[in-house]
>>> print(open('target.cif').read())   # mmCIF, C-alpha atoms
data_my_file
loop_
_atom_site.label_atom_id
_atom_site.label_comp_id
_atom_site.auth_asym_id
_atom_site.auth_seq_id
_atom_site.Cartn_x
_atom_site.Cartn_y
_atom_site.Cartn_z
CA MET A 1 45.44 -0.04 -1.59
CA ASP A 2 44.42 -0.31 -5.22
CA SER A 3 44.60 -4.11 -5.32
CA VAL A 4 42.51 -4.57 -2.15
CA ILE A 5 39.86 -1.92 -2.84
CA SER A 6 39.43 -3.15 -6.42
CA GLN A 7 38.49 -6.61 -5.12
CA TYR A 8 35.26 -5.36 -3.54
CA ASP A 9 34.52 -2.03 -5.25
CA ARG A 10 33.93 -2.41 -8.97
CA LYS A 11 33.41 1.32 -9.52
CA TYR A 12 36.79 2.04 -7.91
CA LEU A 13 38.49 -0.35 -10.34
CA GLU A 14 36.65 1.19 -13.30
CA ASP A 15 37.54 4.72 -12.14
CA LEU A 16 41.18 3.71 -11.70
CA ILE A 17 41.35 2.24 -15.22
CA ARG A 18 39.68 5.33 -16.70
CA TYR A 19 41.95 7.67 -14.72
CA ASN A 20 45.07 5.94 -16.04
CA ARG A 21 43.75 6.19 -19.61
CA VAL A 22 42.99 9.89 -19.18
CA LEU A 23 46.45 10.39 -17.68
CA GLN A 24 48.07 8.73 -20.71
CA GLN A 25 46.08 10.94 -23.08
CA ARG A 26 46.95 14.06 -21.12
CA ASN A 27 50.65 13.20 -21.14
CA LYS A 28 50.50 12.52 -24.87
CA LEU A 29 48.85 15.89 -25.41
CA LEU A 30 51.59 17.66 -23.43
CA LYS A 31 54.24 15.99 -25.60
CA ASP A 32 52.32 16.96 -28.75
CA PHE A 33 52.23 20.57 -27.54
CA ALA A 34 56.01 20.54 -27.09
CA SER A 35 56.74 19.00 -30.47
CA GLY A 36 54.35 21.38 -32.21
CA SER A 37 55.56 24.48 -30.34
CA ARG A 38 52.04 25.39 -29.27
CA PHE A 39 49.90 25.16 -26.14
CA ASP A 40 46.10 24.80 -26.21
CA GLU A 41 44.74 25.36 -22.72
CA ASP A 42 41.13 24.62 -23.72
CA THR A 43 42.00 21.17 -25.07
CA LEU A 44 44.03 20.36 -21.97
CA SER A 45 41.13 21.44 -19.75
CA ILE A 46 38.93 18.74 -21.29
CA TRP A 47 41.24 16.05 -19.91
CA ASP A 48 41.66 17.96 -16.65
CA GLU A 49 37.93 17.84 -15.94
CA GLN A 50 37.89 14.05 -16.34
CA MET A 51 40.95 13.67 -14.11
CA ILE A 52 39.36 15.84 -11.42
CA VAL A 53 36.17 13.78 -11.17
CA LEU A 54 37.90 10.40 -11.29
CA GLY A 55 40.92 11.35 -9.17
CA THR A 56 38.88 12.94 -6.39
CA SER A 57 36.64 9.87 -6.11
CA ILE A 58 39.68 7.54 -5.98
CA TYR A 59 41.36 9.71 -3.34
CA GLU A 60 38.31 9.71 -1.05
CA LYS A 61 37.95 5.93 -1.23
CA ARG A 62 41.64 5.39 -0.55
CA LYS A 63 41.46 7.65 2.49
CA ASP A 64 38.35 5.89 3.82
CA PHE A 65 39.92 2.45 3.28
CA LEU A 66 43.10 3.38 5.14
CA ASN A 67 41.18 4.87 8.06
CA LYS A 68 39.36 1.56 8.49
CA LEU A 69 42.41 -0.64 7.91
CA MET A 70 44.79 1.21 10.22
CA PRO A 71 43.48 0.17 13.66
CA VAL A 72 43.21 -3.49 12.59
CA PHE A 73 46.75 -3.45 11.19
CA GLN A 74 48.16 -1.82 14.32
CA GLU A 75 46.37 -4.33 16.53
CA TYR A 76 47.89 -7.29 14.65
CA TYR A 77 51.37 -5.77 14.80
CA GLN A 78 51.00 -5.19 18.54
CA MET A 79 49.97 -8.83 19.02
CA ILE A 80 52.96 -10.20 17.09
CA SER A 81 55.50 -7.82 18.67
CA LEU A 82 53.91 -8.13 22.14
CA GLY A 83 53.32 -4.38 22.19
CA ASN A 84 57.01 -3.48 22.05
CA GLU A 85 56.82 -1.38 18.88
CA THR A 86 54.49 1.17 17.29
CA VAL A 87 53.77 1.28 13.55
CA ASN A 88 51.82 3.48 11.20
CA LEU A 89 50.75 3.81 7.57
CA ASP A 90 50.92 7.39 6.32
CA TYR A 91 48.95 8.16 3.17
CA LYS A 92 50.91 10.83 1.32
CA SER A 93 48.78 12.88 -1.06
CA LEU A 94 48.75 16.50 -2.18
CA LEU A 95 44.96 16.27 -2.11
CA HIS A 96 45.03 16.40 1.70
CA ASP A 97 45.50 20.17 1.50
CA ASN A 98 44.43 21.09 -2.04
CA SER A 99 41.72 20.28 -4.54
CA LEU A 100 42.85 18.39 -7.64
CA ARG A 101 41.54 21.26 -9.74
CA ASP A 102 43.83 23.77 -8.01
CA LEU A 103 46.77 21.38 -8.20
CA LEU A 104 46.36 20.91 -11.96
CA ILE A 105 45.97 24.64 -12.59
CA ASN A 106 49.01 25.57 -10.48
CA ALA A 107 51.14 22.86 -12.11
CA ARG A 108 50.19 23.71 -15.68
CA TRP A 109 53.41 25.54 -16.50
CA LYS A 110 55.54 22.81 -14.90
CA ASP A 111 53.60 20.13 -16.81
CA GLN A 112 54.19 22.02 -20.04
CA VAL A 113 57.94 22.12 -19.41
CA THR A 114 58.33 18.50 -18.23
CA GLN A 115 55.82 17.20 -20.81
CA TYR A 116 54.00 14.98 -18.31
CA THR A 117 51.43 15.36 -15.52
CA THR A 118 53.28 16.17 -12.30
CA VAL A 119 50.30 16.15 -9.88
CA GLY A 120 47.38 13.84 -9.24
CA ILE A 121 46.49 10.65 -7.40
CA HIS A 122 49.07 8.72 -9.48
CA LYS A 123 51.67 10.55 -7.38
CA ASP A 124 50.16 9.41 -4.07
CA ASP A 125 52.20 7.07 -1.90
CA LEU A 126 52.17 5.11 1.36
CA GLU A 127 54.91 5.70 3.92
CA LEU A 128 55.49 2.68 6.17
CA THR A 129 56.81 3.80 9.55
CA LEU A 130 58.13 2.16 12.71
CA GLY A 131 58.37 4.40 15.76
CA GLY A 132 57.82 7.39 13.49
CA TYR A 133 60.67 6.53 11.10
CA PRO A 134 60.60 4.84 7.66
CA ILE A 135 60.75 1.11 8.32
CA LYS A 136 62.95 0.47 5.25
CA LYS A 137 65.70 2.57 6.82
CA MET A 138 65.23 1.88 10.54
CA GLY A 139 63.56 -1.54 10.79
CA SER A 140 65.38 -4.84 11.12
CA GLN A 141 64.54 -7.68 8.72
CA GLY A 142 62.37 -9.23 11.42
CA GLN A 143 60.50 -5.98 12.00
CA GLN A 144 59.94 -5.50 8.28
CA LYS A 145 58.66 -9.08 7.99
CA THR A 146 56.36 -8.52 10.99
CA TYR A 147 55.06 -5.35 9.34
CA LEU A 148 54.14 -7.16 6.12
CA ILE A 149 52.50 -10.06 7.95
CA ALA A 150 50.41 -7.73 10.12
CA LEU A 151 49.39 -5.82 6.99
CA LYS A 152 48.38 -9.02 5.22
CA LEU A 153 46.30 -10.20 8.19
CA ALA A 154 44.59 -6.80 8.36
CA GLN A 155 43.77 -7.01 4.63
CA PHE A 156 42.33 -10.48 5.26
CA ASP A 157 40.03 -9.13 7.98
CA PHE A 158 38.93 -6.24 5.79
CA ILE A 159 38.04 -8.41 2.80
CA LYS A 160 36.34 -10.94 5.09
CA GLN A 161 34.01 -8.25 6.46
CA ILE A 162 33.15 -7.00 2.98
CA ALA A 163 32.70 -10.44 1.39
CA GLY A 164 30.95 -12.07 4.34
CA PHE A 165 33.09 -15.23 4.25
CA ASN A 166 36.67 -16.32 4.95
CA PRO A 167 39.06 -15.91 2.01
CA ILE A 168 41.85 -18.49 1.72
CA LEU A 169 44.92 -17.13 3.49
CA LEU A 170 48.28 -17.78 1.79
CA LEU A 171 51.44 -17.29 3.89
CA ASP A 172 54.56 -17.90 1.81
CA ASP A 173 57.86 -18.41 3.68
CA ILE A 174 56.74 -16.04 6.45
CA PHE A 175 58.82 -17.38 9.34
CA ASP A 176 62.25 -16.60 7.89
CA LYS A 177 64.04 -13.69 9.68
CA LEU A 178 61.65 -13.87 12.66
CA ASP A 179 62.69 -14.65 16.24
CA SER A 180 61.02 -17.50 18.14
CA GLN A 181 58.80 -15.11 20.10
CA ARG A 182 57.27 -13.61 16.97
CA VAL A 183 56.87 -17.03 15.35
CA GLU A 184 55.00 -18.23 18.44
CA GLN A 185 52.66 -15.23 18.33
CA ILE A 186 51.93 -15.71 14.63
CA VAL A 187 51.19 -19.42 15.15
CA LYS A 188 48.76 -18.52 17.93
CA LEU A 189 47.04 -16.01 15.68
CA VAL A 190 46.61 -18.23 12.63
CA SER A 191 45.46 -21.13 14.84
CA GLU A 192 42.33 -19.18 15.75
CA ASP A 193 39.05 -20.05 14.03
CA ARG A 194 38.70 -16.58 12.51
CA PHE A 195 41.03 -17.39 9.59
CA GLY A 196 39.48 -20.56 8.16
CA GLN A 197 41.64 -22.39 5.60
CA ILE A 198 45.32 -21.41 5.49
CA PHE A 199 48.24 -22.44 3.27
CA ILE A 200 51.70 -21.98 4.85
CA SER A 201 54.95 -22.65 2.97
CA ASP A 202 58.45 -23.08 4.39
CA THR A 203 61.68 -24.43 2.88
CA ASN A 204 63.06 -25.78 6.18
CA ARG A 205 61.33 -29.08 7.09
CA ASP A 206 62.69 -29.23 10.66
CA HIS A 207 61.71 -25.61 11.23
CA LEU A 208 58.23 -26.25 9.88
CA ASN A 209 57.75 -29.36 12.03
CA GLU A 210 58.65 -27.34 15.11
CA ILE A 211 56.14 -24.64 14.16
CA LEU A 212 53.33 -27.08 13.38
CA SER A 213 53.82 -28.88 16.68
CA GLY A 214 52.66 -25.74 18.43
CA MET A 215 49.42 -25.50 16.45
CA GLU A 216 46.24 -26.77 18.05
CA GLN A 217 44.28 -26.82 14.80
CA GLU A 218 44.11 -29.82 12.48
CA TYR A 219 46.58 -29.62 9.60
CA GLN A 220 47.95 -31.61 6.67
CA LEU A 221 51.55 -31.49 5.47
CA PHE A 222 52.51 -31.62 1.76
CA VAL A 223 56.07 -32.02 0.48
CA ILE A 224 56.66 -30.55 -2.98
CA ASP A 225 59.63 -31.46 -5.17
CA LYS A 226 60.13 -29.89 -8.61
CA GLY A 227 56.53 -28.66 -8.68
CA ALA A 228 54.97 -32.04 -7.81
CA ILE A 229 53.52 -33.25 -4.49
CA VAL A 230 55.65 -36.21 -3.38
CA SER A 231 54.09 -36.91 0.03
#
>>> encode(input="target.cif", output="structure tokens")
Amino acid sequence: MDSVISQYDRKYLEDLIRYNRVLQQRNKLLKDFASGSRFDEDTLSIWDEQMIVLGTSIYEKRKDFLNKLMPVFQEYYQMISLGNETVNLDYKSLLHDNSLRDLLINARWKDQVTQYTTVGIHKDDLELTLGGYPIKKMGSQGQQKTYLIALKLAQFDFIKQIAGFNPILLLDDIFDKLDSQRVEQIVKLVSEDRFGQIFISDTNRDHLNEILSGMEQEYQLFVIDKGAIVS
């Protein structure tokens, strides 16, 4: 989320950089308190106030981004899997149910003991699920590959809408671990005009020739050996 949002929202990137700096200073202060056998709540509150403003803004933008990305991502996955599987992206954050201010206050004793900040948007995570279960545990290699490809295509669409033009799409070794049905669906997708210029890499020449033969769009093939284009 951070890498995509930062590409089009400069304030988000600046807030993220500032938040991480404040977090480092807060953690340093907690360690200083422990080594000096003292605890200054007023000094800690100065850093808390900065974390609250920055962290809350970052959280809201992450949540908005994911709400917009989700239906596009699910649509791409359905296309590639022919509607046989359901996927989801679950944004895990303590801020769903609590304000960052309350979280920091309630965790103050724990932070003092552990000597680092135990709550905040730096603890947020994304859970990738297939049929309601974590895809890392339940998904096959092909399903995991399909998940990542659908996510990348959804990110492409999102950035395209924000930027107003087609970014260059890079697909590195994407066909490995996929069955012929999914490969066919991906080829159909990337052959559409919506994607503009695309770079696809594959280490199997015969496999790549078979894939390219099914593409209706004009293409050019480059063979690279030891970092140099040989044909």
>>> residues_around(input="target.cif", residues="A:Leu104", least_positions_apart="4", cutoff="9 Å", atoms="all atoms listed in the file", output="list in words")
Asp48, Ile52, Ser99, Leu100, Arg108, Asp111, Thr117, Thr118, Val119 and Gly120 of chain A
>>> resolve_selection(input="target.cif", expression="the PyMOL selection byres ((chain A and resi 162) around 12)", output="PDB file with C-alpha atoms, in the coordinates of the input")
ATOM      1  CA  VAL A   4      42.510  -4.570  -2.150  1.00  0.00           C
ATOM      2  CA  ILE A   5      39.860  -1.920  -2.840  1.00  0.00           C
ATOM      3  CA  SER A   6      39.430  -3.150  -6.420  1.00  0.00           C
ATOM      4  CA  GLN A   7      38.490  -6.610  -5.120  1.00  0.00           C
ATOM      5  CA  TYR A   8      35.260  -5.360  -3.540  1.00  0.00           C
ATOM      6  CA  ASP A   9      34.520  -2.030  -5.250  1.00  0.00           C
ATOM      7  CA  PHE A  65      39.920   2.450   3.280  1.00  0.00           C
ATOM      8  CA  LYS A  68      39.360   1.560   8.490  1.00  0.00           C
ATOM      9  CA  GLN A 155      43.770  -7.010   4.630  1.00  0.00           C
ATOM     10  CA  PHE A 156      42.330 -10.480   5.260  1.00  0.00           C
ATOM     11  CA  ASP A 157      40.030  -9.130   7.980  1.00  0.00           C
ATOM     12  CA  PHE A 158      38.930  -6.240   5.790  1.00  0.00           C
ATOM     13  CA  ILE A 159      38.040  -8.410   2.800  1.00  0.00           C
ATOM     14  CA  LYS A 160      36.340 -10.940   5.090  1.00  0.00           C
ATOM     15  CA  GLN A 161      34.010  -8.250   6.460  1.00  0.00           C
ATOM     16  CA  ALA A 163      32.700 -10.440   1.390  1.00  0.00           C
ATOM     17  CA  GLY A 164      30.950 -12.070   4.340  1.00  0.00           C
ATOM     18  CA  PHE A 165      33.090 -15.230   4.250  1.00  0.00           C
ATOM     19  CA  ASN A 166      36.670 -16.320   4.950  1.00  0.00           C
ATOM     20  CA  PRO A 167      39.060 -15.910   2.010  1.00  0.00           C
TER      21      PRO A 167
END
>>> closest_atom_pairs(input="target.cif", of="stretch 35-120 of chain A", to="stretch 187-199 of chain A", cutoff="9 Å", atoms="all atoms listed in the file", output="tab-separated table")
residue	atom	partner	partner_atom	distance
A:Tyr76	CA	A:Leu189	CA	8.8
A:Met79	CA	A:Leu189	CA	8.4
A:Ile80	CA	A:Leu189	CA	8.4
>>> atom_distance(input="target.cif", atom1="atom CA of A:Asp176", atom2="atom CA of A:Asn84")
20.0 Å
>>> atom_distance(input="target.cif", atom1="atom CA of A:Asp90", atom2="atom CA of A:Gln78")
17.5 Å
>>> residues_around(input="target.cif", residues="A:Ile174", least_positions_apart="4", cutoff="9 Å", atoms="all atoms listed in the file", output="number ranges by chain")
A: 145-146, 149, 178, 183, 200-202
>>> atom_distance(input="target.cif", atom1="atom CA of A:Glu41", atom2="atom CA of A:Arg18")
21.5 Å
>>> resolve_selection(input="target.cif", expression="the PyMOL selection byres ((chain A and resi 60) around 12)", output="list in words")
Ile5, Tyr12, Val53, Leu54, Gly55, Thr56, Ser57, Ile58, Tyr59, Lys61, Arg62, Lys63, Asp64, Phe65, Leu66, Asn67, Tyr91, Ser93, Leu95, His96, Ser99, Leu100 and Ile121 of chain A
>>> closest_atom_pairs(input="target.cif", of="stretch 81-143 of chain A", to="stretch 19-35 of chain A", cutoff="7 Å", atoms="all atoms listed in the file", output="JSON lines")
{"residue": "A:Gln112", "atom": "CA", "partner": "A:Leu30", "partner_atom": "CA", "distance": 6.1}
{"residue": "A:Gln115", "atom": "CA", "partner": "A:Leu30", "partner_atom": "CA", "distance": 5.0}
{"residue": "A:Tyr116", "atom": "CA", "partner": "A:Asn27", "partner_atom": "CA", "distance": 4.7}
{"residue": "A:Thr117", "atom": "CA", "partner": "A:Asn27", "partner_atom": "CA", "distance": 6.1}
>>> write_last_selection(input="target.cif", atoms="C-alpha atoms", output="PDB file, in the frame of the given file")
ATOM      1  CA  GLN A 112      54.190  22.020 -20.040  1.00  0.00           C
ATOM      2  CA  GLN A 115      55.820  17.200 -20.810  1.00  0.00           C
ATOM      3  CA  TYR A 116      54.000  14.980 -18.310  1.00  0.00           C
ATOM      4  CA  THR A 117      51.430  15.360 -15.520  1.00  0.00           C
TER       5      THR A 117
END
